[in-house]
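The next block is structure_37.cif, given as mmCIF, N, CA and C atoms.
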```
data_coords
loop_
_atom_site.label_atom_id
_atom_site.label_comp_id
_atom_site.auth_asym_id
_atom_site.auth_seq_id
_atom_site.Cartn_x
_atom_site.Cartn_y
_atom_site.Cartn_z
N MET A 1 -29.81 4.32 -25.46
CA MET A 1 -31.16 4.32 -25.96
C MET A 1 -31.17 3.89 -27.43
N HIS A 2 -30.20 4.43 -28.21
CA HIS A 2 -30.14 4.06 -29.62
C HIS A 2 -29.92 2.56 -29.78
N ALA A 3 -29.02 1.99 -28.99
CA ALA A 3 -28.75 0.55 -29.08
C ALA A 3 -30.00 -0.26 -28.76
N ASP A 4 -30.77 0.18 -27.77
CA ASP A 4 -32.01 -0.53 -27.43
C ASP A 4 -33.01 -0.44 -28.57
N LEU A 5 -33.10 0.72 -29.21
CA LEU A 5 -34.03 0.88 -30.33
C LEU A 5 -33.61 0.03 -31.53
N VAL A 6 -32.31 -0.01 -31.79
CA VAL A 6 -31.81 -0.84 -32.89
C VAL A 6 -32.16 -2.31 -32.63
N ALA A 7 -32.02 -2.75 -31.38
CA ALA A 7 -32.37 -4.13 -31.04
C ALA A 7 -33.85 -4.42 -31.29
N LEU A 8 -34.66 -3.36 -31.25
CA LEU A 8 -36.10 -3.53 -31.50
C LEU A 8 -36.45 -3.33 -32.97
N GLY A 9 -35.43 -3.06 -33.82
CA GLY A 9 -35.69 -2.95 -35.24
C GLY A 9 -35.59 -1.54 -35.80
N TYR A 10 -35.25 -0.57 -35.00
CA TYR A 10 -35.11 0.82 -35.48
C TYR A 10 -33.92 0.92 -36.42
N GLU A 11 -34.11 1.58 -37.57
CA GLU A 11 -33.05 1.69 -38.57
C GLU A 11 -32.52 3.11 -38.70
N GLY A 12 -32.97 4.01 -37.85
CA GLY A 12 -32.53 5.40 -37.92
C GLY A 12 -31.15 5.59 -37.29
N SER A 13 -30.62 6.80 -37.46
CA SER A 13 -29.27 7.09 -36.98
C SER A 13 -29.28 7.47 -35.50
N TYR A 14 -28.08 7.37 -34.92
CA TYR A 14 -27.88 7.79 -33.53
C TYR A 14 -28.21 9.27 -33.39
N ASN A 15 -27.82 10.10 -34.38
CA ASN A 15 -28.06 11.55 -34.31
C ASN A 15 -29.55 11.88 -34.21
N ARG A 16 -30.40 11.15 -34.88
CA ARG A 16 -31.84 11.39 -34.81
C ARG A 16 -32.36 11.09 -33.41
N VAL A 17 -31.90 10.01 -32.83
CA VAL A 17 -32.32 9.65 -31.47
C VAL A 17 -31.83 10.70 -30.49
N ALA A 18 -30.58 11.15 -30.63
CA ALA A 18 -30.02 12.15 -29.73
C ALA A 18 -30.78 13.47 -29.87
N ALA A 19 -31.11 13.87 -31.10
CA ALA A 19 -31.86 15.12 -31.32
C ALA A 19 -33.24 15.03 -30.68
N PHE A 20 -33.91 13.88 -30.84
CA PHE A 20 -35.21 13.71 -30.21
C PHE A 20 -35.11 13.81 -28.70
N ALA A 21 -34.09 13.17 -28.12
CA ALA A 21 -33.91 13.19 -26.66
C ALA A 21 -33.66 14.61 -26.17
N ARG A 22 -32.84 15.38 -26.90
CA ARG A 22 -32.59 16.78 -26.50
C ARG A 22 -33.87 17.60 -26.55
N ASP A 23 -34.64 17.46 -27.63
CA ASP A 23 -35.91 18.20 -27.76
C ASP A 23 -36.90 17.80 -26.68
N TRP A 24 -36.98 16.51 -26.40
CA TRP A 24 -37.90 16.02 -25.38
C TRP A 24 -37.52 16.58 -24.01
N LYS A 25 -36.21 16.55 -23.69
CA LYS A 25 -35.75 17.06 -22.40
C LYS A 25 -36.03 18.56 -22.27
N ALA A 26 -35.78 19.33 -23.33
CA ALA A 26 -36.04 20.77 -23.30
C ALA A 26 -37.53 21.05 -23.11
N ALA A 27 -38.38 20.27 -23.76
CA ALA A 27 -39.83 20.46 -23.61
C ALA A 27 -40.27 20.18 -22.18
N ARG A 28 -39.72 19.12 -21.55
CA ARG A 28 -40.07 18.81 -20.15
C ARG A 28 -39.62 19.94 -19.23
N GLN A 29 -38.44 20.52 -19.49
CA GLN A 29 -37.95 21.61 -18.65
C GLN A 29 -38.84 22.84 -18.81
N ARG A 30 -39.29 23.13 -20.03
CA ARG A 30 -40.19 24.28 -20.24
C ARG A 30 -41.51 24.07 -19.52
N GLU A 31 -42.03 22.84 -19.53
CA GLU A 31 -43.29 22.54 -18.83
C GLU A 31 -43.16 22.75 -17.33
N GLN A 32 -41.98 22.47 -16.78
CA GLN A 32 -41.78 22.58 -15.34
C GLN A 32 -41.36 23.97 -14.92
N GLN A 33 -41.07 24.83 -15.86
CA GLN A 33 -40.64 26.19 -15.53
C GLN A 33 -41.81 26.94 -14.93
N ILE A 34 -41.57 27.60 -13.83
CA ILE A 34 -42.64 28.31 -13.13
C ILE A 34 -42.63 29.79 -13.48
N SER A 35 -41.47 30.39 -13.51
CA SER A 35 -41.38 31.84 -13.65
C SER A 35 -41.90 32.35 -14.97
N GLY A 36 -41.84 31.58 -16.03
CA GLY A 36 -42.24 32.07 -17.33
C GLY A 36 -43.70 31.88 -17.65
N ARG A 37 -44.47 31.31 -16.74
CA ARG A 37 -45.87 31.01 -17.03
C ARG A 37 -46.83 32.09 -16.60
N GLY A 38 -46.36 33.21 -16.12
CA GLY A 38 -47.27 34.25 -15.66
C GLY A 38 -47.57 34.10 -14.18
N THR A 39 -48.38 34.98 -13.69
CA THR A 39 -48.70 35.01 -12.27
C THR A 39 -50.20 34.99 -12.08
N PHE A 40 -50.68 34.18 -11.18
CA PHE A 40 -52.10 34.11 -10.86
C PHE A 40 -52.38 35.02 -9.67
N VAL A 41 -53.30 35.95 -9.84
CA VAL A 41 -53.71 36.84 -8.76
C VAL A 41 -55.20 36.64 -8.55
N PRO A 42 -55.61 36.07 -7.42
CA PRO A 42 -57.04 35.85 -7.20
C PRO A 42 -57.78 37.18 -7.03
N LEU A 43 -59.03 37.21 -7.48
CA LEU A 43 -59.82 38.43 -7.38
C LEU A 43 -60.78 38.38 -6.19
N ALA A 44 -60.82 37.26 -5.50
CA ALA A 44 -61.68 37.14 -4.32
C ALA A 44 -60.86 36.48 -3.21
N PHE A 45 -61.09 36.92 -2.00
CA PHE A 45 -60.34 36.41 -0.85
C PHE A 45 -61.31 36.05 0.26
N VAL A 46 -60.96 35.00 1.00
CA VAL A 46 -61.75 34.66 2.18
C VAL A 46 -61.35 35.63 3.30
N PRO A 47 -62.24 35.86 4.28
CA PRO A 47 -61.90 36.80 5.36
C PRO A 47 -60.59 36.42 6.04
N GLY A 48 -59.73 37.40 6.23
CA GLY A 48 -58.46 37.19 6.89
C GLY A 48 -57.34 36.74 5.97
N GLU A 49 -57.66 36.44 4.71
CA GLU A 49 -56.62 35.96 3.79
C GLU A 49 -55.84 37.12 3.17
N ALA A 50 -56.52 38.20 2.91
CA ALA A 50 -55.87 39.34 2.25
C ALA A 50 -55.55 40.43 3.26
N PHE A 51 -54.71 41.33 2.87
CA PHE A 51 -54.37 42.52 3.64
C PHE A 51 -53.69 42.19 4.97
N GLN A 52 -52.76 41.27 4.92
CA GLN A 52 -51.95 40.98 6.09
C GLN A 52 -50.69 41.82 5.97
N PHE A 53 -50.40 42.60 6.99
CA PHE A 53 -49.30 43.55 6.91
C PHE A 53 -48.21 43.23 7.91
N ASP A 54 -47.02 43.58 7.52
CA ASP A 54 -45.87 43.56 8.42
C ASP A 54 -45.63 45.02 8.80
N TRP A 55 -45.84 45.38 10.05
CA TRP A 55 -45.78 46.78 10.46
C TRP A 55 -44.37 47.24 10.83
N SER A 56 -43.36 46.46 10.44
CA SER A 56 -42.00 46.87 10.76
C SER A 56 -41.57 48.03 9.85
N GLU A 57 -40.49 48.69 10.24
CA GLU A 57 -39.94 49.78 9.44
C GLU A 57 -38.55 49.42 8.99
N ASP A 58 -38.22 49.79 7.79
CA ASP A 58 -36.89 49.58 7.26
C ASP A 58 -36.37 50.92 6.76
N TRP A 59 -35.09 51.12 6.91
CA TRP A 59 -34.47 52.37 6.49
C TRP A 59 -33.31 52.08 5.55
N ALA A 60 -33.07 53.02 4.66
CA ALA A 60 -31.92 52.93 3.77
C ALA A 60 -31.26 54.31 3.72
N ILE A 61 -29.98 54.31 3.54
CA ILE A 61 -29.25 55.57 3.37
C ILE A 61 -29.03 55.77 1.87
N ILE A 62 -29.68 56.79 1.31
CA ILE A 62 -29.57 57.11 -0.11
C ILE A 62 -28.99 58.50 -0.25
N ALA A 63 -27.86 58.59 -0.91
CA ALA A 63 -27.16 59.88 -1.11
C ALA A 63 -26.93 60.55 0.24
N GLY A 64 -26.59 59.75 1.26
CA GLY A 64 -26.29 60.29 2.58
C GLY A 64 -27.51 60.67 3.39
N GLU A 65 -28.70 60.41 2.88
CA GLU A 65 -29.94 60.78 3.60
C GLU A 65 -30.69 59.51 3.98
N ARG A 66 -31.13 59.44 5.22
CA ARG A 66 -31.89 58.29 5.70
C ARG A 66 -33.31 58.37 5.11
N THR A 67 -33.67 57.32 4.44
CA THR A 67 -34.98 57.29 3.77
C THR A 67 -35.77 56.09 4.23
#
```
Give the structure from this file in structure tokens form.
Amino acid sequence: MHADLVALGYEGSYNRVAAFARDWKAARQREQQISGRGTFVPLAFVPGEAFQFDWSEDWAIIAGERT
């Protein structure tokens, strides 16, 4: 990338181009991150959309007792 920019007349250093590329890449990754953006919880539901349950049972043994 630096060589291409120099061919176009850029007089800056390779380190500046590399630093810009690192910052740009980190910014794109932050934009695409899903988990850090919070969670959307709708306050209205269409009929049948909310309150769907799985009626199965699961058990765990905690301190030797089935819970």
Query - helix (DSSP H, G or I) positions in chain A, given as a list in words - result: His2, Ala3, Asp4, Leu5, Val6, Ala7, Tyr14, Asn15, Arg16, Val17, Ala18, Ala19, Phe20, Ala21, Arg22, Asp23, Trp24, Lys25, Ala26, Ala27, Arg28, Gln29, Arg30, Glu31, Gln32, Ser35, Gly36 and Arg37 of chain A
Report task. Tell me, in Å to one decimal, how far atom N of Trp55 of chain A is from atom C of Thr67 of chain A. Result ->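 Between atom N of Trp55 of chain A and atom C of Thr67 of chain A the gap works out to 15.8 Å.
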Query raised in the report: If you count only C-alpha atoms, which residues fall within 9 Å of His2 of chain A, apart from same-chain ones fewer than 5 positions away, as a list in words?
Result: Ala7, Tyr10, Gly12, Ser13, Tyr14, Val17 and Ala18 of chain A
Query raised in the report: Running DSSP on the backbone, which parts of chain A land in strand (DSSP E or B), as a ChimeraX atom specification?
Result: /A:61-62,65-66
Would you save the residues of that selection, restricted to N, CA and C atoms, as an mmCIF file, keeping the file's coordinate frame?
```cif
data_model
loop_
_atom_site.group_PDB
_atom_site.id
_atom_site.type_symbol
_atom_site.label_atom_id
_atom_site.label_comp_id
_atom_site.auth_asym_id
_atom_site.auth_seq_id
_atom_site.Cartn_x
_atom_site.Cartn_y
_atom_site.Cartn_z
ATOM 1 N N ILE A 61 -29.980 54.310 3.540
ATOM 2 C CA ILE A 61 -29.250 55.570 3.370
ATOM 3 C C ILE A 61 -29.030 55.770 1.870
ATOM 4 N N ILE A 62 -29.680 56.790 1.310
ATOM 5 C CA ILE A 62 -29.570 57.110 -0.110
ATOM 6 C C ILE A 62 -28.990 58.500 -0.250
ATOM 7 N N GLU A 65 -28.700 60.410 2.880
ATOM 8 C CA GLU A 65 -29.940 60.780 3.600
ATOM 9 C C GLU A 65 -30.690 59.510 3.980
ATOM 10 N N ARG A 66 -31.130 59.440 5.220
ATOM 11 C CA ARG A 66 -31.890 58.290 5.700
ATOM 12 C C ARG A 66 -33.310 58.370 5.110
#
```
